[in-house]
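Asks: So that you have it, the file is my_file.csv, and it contains CSV, N, CA and C atoms:
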chain,number,residue,atom,x,y,z
A,1,MET,N,-84.4,-106.7,-27.9
A,1,MET,CA,-83.5,-107.3,-28.8
A,1,MET,C,-82.2,-107.5,-28.1
A,2,THR,N,-81.7,-108.7,-28.2
A,2,THR,CA,-80.4,-109.1,-27.6
A,2,THR,C,-79.3,-108.7,-28.6
A,3,LEU,N,-78.3,-108.0,-28.1
A,3,LEU,CA,-77.1,-107.6,-28.9
A,3,LEU,C,-75.9,-108.1,-28.2
A,4,SER,N,-74.9,-108.6,-29.0
A,4,SER,CA,-73.6,-108.9,-28.4
A,4,SER,C,-72.6,-108.7,-29.5
A,5,ILE,N,-71.4,-108.2,-29.0
A,5,ILE,CA,-70.3,-107.9,-29.9
A,5,ILE,C,-69.0,-108.5,-29.4
A,6,GLY,N,-68.2,-108.9,-30.3
A,6,GLY,CA,-66.9,-109.5,-30.0
A,6,GLY,C,-65.9,-108.8,-30.9
A,7,VAL,N,-64.7,-108.5,-30.4
A,7,VAL,CA,-63.6,-107.8,-31.2
A,7,VAL,C,-62.3,-108.6,-30.8
A,8,ASP,N,-61.5,-108.8,-31.8
A,8,ASP,CA,-60.2,-109.3,-31.6
A,8,ASP,C,-59.2,-108.7,-32.5
A,9,ILE,N,-58.0,-108.6,-32.0
A,9,ILE,CA,-56.8,-108.1,-32.8
A,9,ILE,C,-55.7,-109.1,-32.7
A,10,GLU,N,-55.1,-109.5,-33.8
A,10,GLU,CA,-54.0,-110.4,-33.8
A,10,GLU,C,-52.8,-109.9,-34.6
A,11,GLU,N,-51.6,-110.2,-34.1
A,11,GLU,CA,-50.4,-109.9,-34.9
A,11,GLU,C,-50.3,-111.1,-35.9
A,12,ILE,N,-50.1,-110.7,-37.2
A,12,ILE,CA,-49.9,-111.7,-38.2
A,12,ILE,C,-48.7,-112.6,-37.9
A,13,ALA,N,-47.7,-112.0,-37.3
A,13,ALA,CA,-46.5,-112.7,-36.9
A,13,ALA,C,-46.8,-113.9,-35.9
A,14,THR,N,-47.8,-113.7,-35.1
A,14,THR,CA,-48.2,-114.8,-34.1
A,14,THR,C,-48.7,-116.0,-34.9
A,15,ILE,N,-49.5,-115.7,-35.9
A,15,ILE,CA,-50.0,-116.8,-36.7
A,15,ILE,C,-48.9,-117.5,-37.5
A,16,GLU,N,-48.0,-116.7,-38.0
A,16,GLU,CA,-46.8,-117.2,-38.7
A,16,GLU,C,-46.0,-118.1,-37.7
A,17,ARG,N,-45.8,-117.7,-36.5
A,17,ARG,CA,-45.0,-118.5,-35.5
A,17,ARG,C,-45.7,-119.8,-35.2
A,18,LEU,N,-47.1,-119.7,-35.0
A,18,LEU,CA,-47.8,-120.9,-34.7
A,18,LEU,C,-47.7,-121.9,-35.9
A,19,TRP,N,-47.8,-121.4,-37.1
A,19,TRP,CA,-47.7,-122.3,-38.3
A,19,TRP,C,-46.4,-122.9,-38.4
A,20,ASN,N,-45.3,-122.1,-38.2
A,20,ASN,CA,-43.9,-122.6,-38.2
A,20,ASN,C,-43.7,-123.6,-37.2
A,21,GLU,N,-44.2,-123.4,-36.0
A,21,GLU,CA,-43.9,-124.3,-34.9
A,21,GLU,C,-44.7,-125.6,-35.0
A,22,HIS,N,-46.0,-125.5,-35.5
A,22,HIS,CA,-46.9,-126.7,-35.4
A,22,HIS,C,-47.3,-127.2,-36.8
A,23,GLY,N,-47.0,-126.5,-37.9
A,23,GLY,CA,-47.3,-126.9,-39.2
A,23,GLY,C,-48.7,-127.2,-39.5
A,24,ASP,N,-48.9,-128.3,-40.2
A,24,ASP,CA,-50.3,-128.7,-40.6
A,24,ASP,C,-51.2,-129.0,-39.4
A,25,LYS,N,-50.6,-129.5,-38.3
A,25,LYS,CA,-51.3,-129.7,-37.1
A,25,LYS,C,-52.1,-128.5,-36.6
A,26,PHE,N,-51.4,-127.3,-36.7
A,26,PHE,CA,-52.1,-126.1,-36.3
A,26,PHE,C,-53.2,-125.7,-37.3
A,27,LEU,N,-52.8,-125.8,-38.6
A,27,LEU,CA,-53.8,-125.5,-39.7
A,27,LEU,C,-55.1,-126.4,-39.6
A,28,ASN,N,-54.8,-127.7,-39.4
A,28,ASN,CA,-55.9,-128.6,-39.4
A,28,ASN,C,-56.8,-128.5,-38.1
A,29,LYS,N,-56.2,-128.0,-37.0
A,29,LYS,CA,-57.0,-127.9,-35.8
A,29,LYS,C,-57.9,-126.6,-35.8
A,30,VAL,N,-57.4,-125.6,-36.4
A,30,VAL,CA,-58.0,-124.3,-36.3
A,30,VAL,C,-58.9,-124.0,-37.5
A,31,PHE,N,-58.6,-124.4,-38.7
A,31,PHE,CA,-59.3,-124.0,-39.9
A,31,PHE,C,-59.9,-125.2,-40.6
A,32,THR,N,-61.1,-124.9,-41.2
A,32,THR,CA,-61.8,-125.9,-41.9
A,32,THR,C,-61.1,-126.1,-43.3
A,33,ASP,N,-61.5,-127.2,-44.0
A,33,ASP,CA,-60.9,-127.5,-45.3
A,33,ASP,C,-61.1,-126.3,-46.2
A,34,GLN,N,-62.3,-125.8,-46.2
A,34,GLN,CA,-62.6,-124.6,-47.1
A,34,GLN,C,-61.7,-123.4,-46.8
A,35,GLU,N,-61.6,-123.1,-45.5
A,35,GLU,CA,-60.8,-122.0,-45.0
A,35,GLU,C,-59.3,-122.2,-45.4
A,36,ARG,N,-58.8,-123.4,-45.2
A,36,ARG,CA,-57.4,-123.7,-45.6
A,36,ARG,C,-57.2,-123.5,-47.1
A,37,SER,N,-58.1,-124.1,-47.8
A,37,SER,CA,-57.9,-124.0,-49.3
A,37,SER,C,-57.9,-122.6,-49.8
A,38,TYR,N,-58.9,-121.8,-49.3
A,38,TYR,CA,-59.0,-120.4,-49.7
A,38,TYR,C,-57.7,-119.6,-49.3
A,39,CYS,N,-57.3,-119.8,-48.1
A,39,CYS,CA,-56.1,-119.0,-47.6
A,39,CYS,C,-54.8,-119.4,-48.3
A,40,LEU,N,-54.6,-120.7,-48.4
A,40,LEU,CA,-53.3,-121.3,-49.0
A,40,LEU,C,-53.2,-121.1,-50.5
A,41,ASP,N,-54.3,-120.8,-51.1
A,41,ASP,CA,-54.3,-120.4,-52.6
A,41,ASP,C,-53.9,-119.0,-52.8
A,42,LYS,N,-53.8,-118.2,-51.8
A,42,LYS,CA,-53.4,-116.8,-51.9
A,42,LYS,C,-51.9,-116.7,-52.0
A,43,PRO,N,-51.3,-115.7,-52.7
A,43,PRO,CA,-49.9,-115.5,-52.7
A,43,PRO,C,-49.3,-115.3,-51.3
A,44,SER,N,-50.0,-114.6,-50.5
A,44,SER,CA,-49.6,-114.3,-49.1
A,44,SER,C,-50.7,-114.8,-48.2
A,45,PRO,N,-50.7,-116.1,-47.8
A,45,PRO,CA,-51.8,-116.7,-47.0
A,45,PRO,C,-51.9,-116.2,-45.5
A,46,LEU,N,-50.8,-115.7,-45.0
A,46,LEU,CA,-50.8,-115.3,-43.5
A,46,LEU,C,-51.8,-114.3,-43.1
A,47,PRO,N,-52.0,-113.2,-43.8
A,47,PRO,CA,-53.0,-112.2,-43.4
A,47,PRO,C,-54.4,-112.8,-43.5
A,48,HIS,N,-54.7,-113.7,-44.4
A,48,HIS,CA,-56.0,-114.4,-44.6
A,48,HIS,C,-56.2,-115.4,-43.4
A,49,LEU,N,-55.2,-116.1,-43.1
A,49,LEU,CA,-55.3,-117.0,-42.0
A,49,LEU,C,-55.5,-116.3,-40.7
A,50,ALA,N,-54.8,-115.2,-40.5
A,50,ALA,CA,-54.9,-114.4,-39.3
A,50,ALA,C,-56.3,-113.7,-39.1
A,51,ALA,N,-56.8,-113.3,-40.3
A,51,ALA,CA,-58.2,-112.7,-40.2
A,51,ALA,C,-59.2,-113.7,-39.8
A,52,ARG,N,-59.1,-114.9,-40.2
A,52,ARG,CA,-60.0,-116.0,-39.8
A,52,ARG,C,-59.8,-116.4,-38.4
A,53,TYR,N,-58.6,-116.4,-37.9
A,53,TYR,CA,-58.2,-116.7,-36.5
A,53,TYR,C,-58.9,-115.7,-35.6
A,54,ALA,N,-58.7,-114.4,-36.0
A,54,ALA,CA,-59.2,-113.3,-35.2
A,54,ALA,C,-60.7,-113.3,-35.2
A,55,THR,N,-61.3,-113.7,-36.3
A,55,THR,CA,-62.8,-113.7,-36.4
A,55,THR,C,-63.3,-114.8,-35.5
A,56,LYS,N,-62.6,-116.0,-35.4
A,56,LYS,CA,-63.0,-117.0,-34.5
A,56,LYS,C,-62.9,-116.6,-33.0
A,57,GLU,N,-61.9,-115.9,-32.7
A,57,GLU,CA,-61.7,-115.4,-31.3
A,57,GLU,C,-62.8,-114.4,-31.0
A,58,ALA,N,-63.1,-113.5,-31.9
A,58,ALA,CA,-64.2,-112.5,-31.7
A,58,ALA,C,-65.5,-113.1,-31.6
A,59,THR,N,-65.7,-114.2,-32.3
A,59,THR,CA,-67.0,-114.9,-32.2
A,59,THR,C,-67.2,-115.5,-30.8
A,60,MET,N,-66.1,-116.1,-30.3
A,60,MET,CA,-66.2,-116.6,-28.9
A,60,MET,C,-66.5,-115.5,-27.9
A,61,LYS,N,-66.0,-114.4,-28.1
A,61,LYS,CA,-66.3,-113.2,-27.2
A,61,LYS,C,-67.8,-112.8,-27.4
A,62,ALA,N,-68.3,-112.8,-28.6
A,62,ALA,CA,-69.7,-112.4,-28.8
A,62,ALA,C,-70.6,-113.5,-28.2
A,63,LEU,N,-70.2,-114.7,-28.3
A,63,LEU,CA,-71.1,-115.8,-27.8
A,63,LEU,C,-71.0,-115.8,-26.2
A,64,LYS,N,-70.0,-115.2,-25.7
A,64,LYS,CA,-69.8,-115.1,-24.2
A,64,LYS,C,-69.7,-116.5,-23.6
A,65,THR,N,-69.0,-117.4,-24.3
A,65,THR,CA,-68.7,-118.7,-23.8
A,65,THR,C,-67.3,-119.0,-23.6
A,66,GLY,N,-66.4,-118.2,-24.3
A,66,GLY,CA,-65.0,-118.6,-24.3
A,66,GLY,C,-64.9,-119.9,-25.0
A,67,TRP,N,-63.8,-120.6,-24.8
A,67,TRP,CA,-63.7,-121.9,-25.5
A,67,TRP,C,-64.2,-123.0,-24.6
A,68,ASN,N,-65.4,-122.8,-24.0
A,68,ASN,CA,-66.1,-123.8,-23.2
A,68,ASN,C,-67.3,-124.4,-23.9
A,69,ASP,N,-68.1,-125.2,-23.3
A,69,ASP,CA,-69.3,-125.8,-23.8
A,69,ASP,C,-69.0,-126.6,-25.0
A,70,GLY,N,-67.8,-127.2,-25.2
A,70,GLY,CA,-67.5,-128.1,-26.3
A,70,GLY,C,-67.3,-127.4,-27.6
A,71,ILE,N,-67.2,-126.1,-27.6
A,71,ILE,CA,-67.0,-125.4,-28.9
A,71,ILE,C,-65.5,-125.5,-29.3
A,72,GLN,N,-65.4,-125.9,-30.6
A,72,GLN,CA,-64.0,-126.1,-31.2
A,72,GLN,C,-63.8,-125.1,-32.3
A,73,TRP,N,-62.5,-124.9,-32.6
A,73,TRP,CA,-62.2,-123.9,-33.6
A,73,TRP,C,-63.0,-124.1,-34.9
A,74,LYS,N,-63.1,-125.3,-35.4
A,74,LYS,CA,-63.8,-125.5,-36.7
A,74,LYS,C,-65.3,-125.5,-36.6
A,75,HIS,N,-65.9,-125.2,-35.4
A,75,HIS,CA,-67.3,-125.0,-35.3
A,75,HIS,C,-67.6,-123.5,-35.7
A,76,ILE,N,-66.6,-122.7,-36.0
A,76,ILE,CA,-66.7,-121.4,-36.4
A,76,ILE,C,-66.0,-121.3,-37.8
A,77,GLU,N,-66.7,-120.9,-38.8
A,77,GLU,CA,-66.1,-120.9,-40.2
A,77,GLU,C,-66.4,-119.6,-40.9
A,78,VAL,N,-65.3,-119.0,-41.5
A,78,VAL,CA,-65.5,-117.8,-42.3
A,78,VAL,C,-65.6,-118.3,-43.8
A,79,VAL,N,-66.7,-118.0,-44.4
A,79,VAL,CA,-66.9,-118.3,-45.8
A,79,VAL,C,-67.1,-117.1,-46.7
A,80,LYS,N,-67.1,-117.3,-47.9
A,80,LYS,CA,-67.4,-116.2,-48.9
A,80,LYS,C,-68.8,-116.3,-49.3
A,81,GLU,N,-69.5,-115.2,-49.2
A,81,GLU,CA,-70.9,-115.1,-49.8
A,81,GLU,C,-70.9,-114.8,-51.2
A,82,ALA,N,-71.6,-115.6,-52.0
A,82,ALA,CA,-71.6,-115.4,-53.5
A,82,ALA,C,-72.8,-114.5,-53.7
A,83,PRO,N,-72.9,-113.7,-54.7
A,83,PRO,CA,-71.8,-113.5,-55.7
A,83,PRO,C,-70.8,-112.4,-55.4
A,84,GLU,N,-71.1,-111.6,-54.4
A,84,GLU,CA,-70.2,-110.5,-54.1
A,84,GLU,C,-68.9,-110.9,-53.5
A,85,GLY,N,-68.9,-112.0,-52.8
A,85,GLY,CA,-67.6,-112.5,-52.2
A,85,GLY,C,-67.3,-111.9,-50.9
A,86,PHE,N,-68.3,-111.3,-50.2
A,86,PHE,CA,-68.1,-110.7,-48.9
A,86,PHE,C,-67.9,-111.9,-47.9
A,87,PRO,N,-67.0,-111.7,-46.9
A,87,PRO,CA,-66.9,-112.7,-45.9
A,87,PRO,C,-68.2,-112.9,-45.0
A,88,ALA,N,-68.5,-114.1,-44.7
A,88,ALA,CA,-69.7,-114.3,-43.8
A,88,ALA,C,-69.3,-115.4,-42.8
A,89,LEU,N,-70.0,-115.5,-41.7
A,89,LEU,CA,-69.8,-116.4,-40.6
A,89,LEU,C,-70.7,-117.5,-40.7
A,90,LYS,N,-70.2,-118.7,-40.6
A,90,LYS,CA,-71.0,-119.9,-40.6
A,90,LYS,C,-70.7,-120.7,-39.3
A,91,LEU,N,-71.7,-120.9,-38.5
A,91,LEU,CA,-71.6,-121.6,-37.3
A,91,LEU,C,-72.0,-123.1,-37.4
A,92,HIS,N,-71.3,-123.9,-36.7
A,92,HIS,CA,-71.5,-125.4,-36.8
A,92,HIS,C,-71.6,-125.9,-35.4
A,93,LYS,N,-72.3,-127.0,-35.2
A,93,LYS,CA,-72.4,-127.8,-34.0
A,93,LYS,C,-72.6,-127.0,-32.8
A,94,LYS,N,-71.7,-127.0,-31.8
A,94,LYS,CA,-71.8,-126.4,-30.5
A,94,LYS,C,-71.8,-124.9,-30.6
A,95,ALA,N,-71.1,-124.3,-31.6
A,95,ALA,CA,-71.2,-122.8,-31.8
A,95,ALA,C,-72.6,-122.4,-32.2
A,96,GLN,N,-73.2,-123.2,-33.1
A,96,GLN,CA,-74.6,-122.9,-33.5
A,96,GLN,C,-75.6,-123.0,-32.4
A,97,GLU,N,-75.4,-124.1,-31.6
A,97,GLU,CA,-76.2,-124.3,-30.4
A,97,GLU,C,-76.1,-123.1,-29.4
A,98,ALA,N,-74.9,-122.6,-29.2
A,98,ALA,CA,-74.7,-121.5,-28.3
A,98,ALA,C,-75.4,-120.3,-28.8
A,99,PHE,N,-75.3,-120.0,-30.1
A,99,PHE,CA,-75.9,-118.9,-30.8
A,99,PHE,C,-77.5,-119.0,-30.6
A,100,ASP,N,-78.0,-120.1,-30.9
A,100,ASP,CA,-79.5,-120.3,-30.7
A,100,ASP,C,-79.9,-120.2,-29.3
A,101,THR,N,-79.2,-120.8,-28.4
A,101,THR,CA,-79.6,-120.8,-27.0
A,101,THR,C,-79.6,-119.4,-26.4
A,102,ARG,N,-78.8,-118.5,-26.9
A,102,ARG,CA,-78.7,-117.2,-26.4
A,102,ARG,C,-79.7,-116.2,-27.1
A,103,GLY,N,-80.5,-116.8,-27.9
A,103,GLY,CA,-81.6,-116.1,-28.5
A,103,GLY,C,-81.3,-115.1,-29.7
A,104,PHE,N,-80.1,-115.3,-30.3
A,104,PHE,CA,-79.7,-114.5,-31.4
A,104,PHE,C,-80.4,-115.0,-32.7
A,105,SER,N,-80.6,-114.1,-33.6
A,105,SER,CA,-81.2,-114.6,-34.9
A,105,SER,C,-80.5,-114.0,-36.1
A,106,ALA,N,-79.5,-113.1,-35.9
A,106,ALA,CA,-78.8,-112.5,-37.0
A,106,ALA,C,-77.3,-112.3,-36.6
A,107,LEU,N,-76.4,-112.3,-37.5
A,107,LEU,CA,-75.0,-112.1,-37.2
A,107,LEU,C,-74.4,-111.3,-38.4
A,108,ASP,N,-73.3,-110.6,-38.1
A,108,ASP,CA,-72.5,-110.0,-39.1
A,108,ASP,C,-71.1,-109.9,-38.6
A,109,ILE,N,-70.1,-109.9,-39.6
A,109,ILE,CA,-68.7,-109.8,-39.3
A,109,ILE,C,-68.0,-108.8,-40.2
A,110,SER,N,-66.9,-108.3,-39.7
A,110,SER,CA,-66.1,-107.5,-40.5
A,110,SER,C,-64.6,-107.7,-40.0
A,111,PHE,N,-63.7,-107.8,-40.9
A,111,PHE,CA,-62.3,-107.8,-40.5
A,111,PHE,C,-61.5,-107.0,-41.5
A,112,SER,N,-60.3,-106.7,-41.1
A,112,SER,CA,-59.4,-105.9,-41.9
A,112,SER,C,-58.0,-106.2,-41.5
A,113,HIS,N,-57.0,-106.1,-42.4
A,113,HIS,CA,-55.6,-106.3,-42.0
A,113,HIS,C,-54.7,-105.3,-42.6
A,114,SER,N,-53.7,-105.0,-41.9
A,114,SER,CA,-52.6,-104.1,-42.3
A,114,SER,C,-51.4,-105.1,-42.6
A,115,GLU,N,-50.2,-104.5,-42.7
A,115,GLU,CA,-49.0,-105.3,-42.9
A,115,GLU,C,-48.7,-106.2,-41.7
A,116,ASN,N,-49.1,-105.7,-40.4
A,116,ASN,CA,-48.7,-106.5,-39.2
A,116,ASN,C,-49.8,-107.0,-38.4
A,117,TYR,N,-51.0,-106.5,-38.6
A,117,TYR,CA,-52.1,-106.8,-37.7
A,117,TYR,C,-53.4,-107.1,-38.5
A,118,VAL,N,-54.3,-107.9,-37.8
A,118,VAL,CA,-55.6,-108.0,-38.3
A,118,VAL,C,-56.6,-107.7,-37.1
A,119,VAL,N,-57.7,-107.2,-37.5
A,119,VAL,CA,-58.8,-106.9,-36.5
A,119,VAL,C,-60.1,-107.5,-37.0
A,120,ALA,N,-60.8,-108.1,-36.1
A,120,ALA,CA,-62.1,-108.7,-36.5
A,120,ALA,C,-63.2,-108.2,-35.5
A,121,THR,N,-64.4,-108.0,-36.0
A,121,THR,CA,-65.5,-107.6,-35.2
A,121,THR,C,-66.7,-108.6,-35.6
A,122,VAL,N,-67.4,-109.1,-34.6
A,122,VAL,CA,-68.5,-110.0,-34.8
A,122,VAL,C,-69.7,-109.4,-34.0
A,123,LEU,N,-70.8,-109.2,-34.7
A,123,LEU,CA,-72.0,-108.7,-34.1
A,123,LEU,C,-73.1,-109.7,-34.2
A,124,PHE,N,-73.7,-110.0,-33.0
A,124,PHE,CA,-74.9,-110.9,-33.0
A,124,PHE,C,-76.1,-110.1,-32.5
A,125,SER,N,-77.3,-110.3,-33.1
A,125,SER,CA,-78.5,-109.7,-32.6
A,125,SER,C,-79.6,-110.7,-32.7
Produce structure tokens that represent the structure in this file.
Replies:
Amino acid sequence: MTLSIGVDIEEIATIERLWNEHGDKFLNKVFTDQERSYCLDKPSPLPHLAARYATKEATMKALKTGWNDGIQWKHIEVVKEAPEGFPALKLHKKAQEAFDTRGFSALDISFSHSENYVVATVLFS
């Protein structure tokens, strides 16, 4: 069985700075419509945006491609699984191709945030 793990930690302040500097251009480049809608509906959207950002970074580490092979930010999406509402990872286009090419068949994610940081872990098997 092939296993791969990716971990990322981000400062929430970094996401705040990027959003302040680049506005909607940053949000539209990194997050899908569904991700933006979910996060921006929260009273404090920054931890939620940062968790998704970190999850995307951790996914690239687990895929072992970096931001190569034509993979873009929005090819990696964090969604809510119904009915429990747990976060799940949905891969699109080049990210899905990289996942399939490397022989993975299952994936799982976990992330958590404190006042200042978020951490994300992605496991492929």
Asks: For region 75-82 of chain A, work out the shell of residues within 8 Å, counting all atoms listed in the file and skipping chain neighbours fewer than 2 positions away, then give it as a list of chain:residue names.
Replies: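 Once the nearby chain positions are removed, what remains is A:Val30, A:Phe31, A:Thr32, A:Gln34, A:Glu35, A:Ala51, A:Arg52, A:Thr55, A:Lys56, A:Thr59, A:Ile71, A:Gln72, A:Trp73, A:Glu84, A:Gly85, A:Phe86, A:Pro87, A:Ala88, A:Leu89, A:Lys90, A:Leu91, A:His92, A:Lys93, A:Lys94, A:Ala95, A:Gln96.
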Asks: Write out as a ChimeraX atom specification the residues lying within 9 Å of region 111-122 of chain A, counting only C-alpha atoms and excluding same-chain residues fewer than 2 positions away.
Replies: /A:4-13,47-48,50-59,61-62,87,89,107-109,124
Asks: Give me, please, the distance in Å between CA of Gly103 (chain A) and CA of Asn68 (chain A), quoted to one decimal.
Replies: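 Taking CA of Gly103 (chain A) and CA of Asn68 (chain A), their separation equals 18.1 Å.
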Asks: Expressed in Å to a single decimal, how great is the separation between atom C of Gly23 (chain A) and atom C of Ser44 (chain A)?
Replies: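 Computing it gives 15.3 Å between the two atoms.
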Asks: As a list in words, which residues of region 30-106 of chain A does DSSP assign to strand (DSSP E)?
Replies: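 Those residues are Ile76, Glu77, Val78, Val79, Lys80, Glu81, Phe86, Pro87, Ala88, Leu89, Lys90 and Leu91 of chain A.
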Asks: For a test of reading the model, state the distance in Å between atom N of Pro45 (chain A) and atom C of Glu16 (chain A), rounded to one decimal.
Replies: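 Taking atom N of Pro45 (chain A) and atom C of Glu16 (chain A), their separation equals 11.3 Å.
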Asks: Nearest to Lys29 (chain A): which of A:Ser125, A:Leu46, A:Glu97, A:Lys74 is it, counting all atoms listed in the file?
Replies: A:Lys74
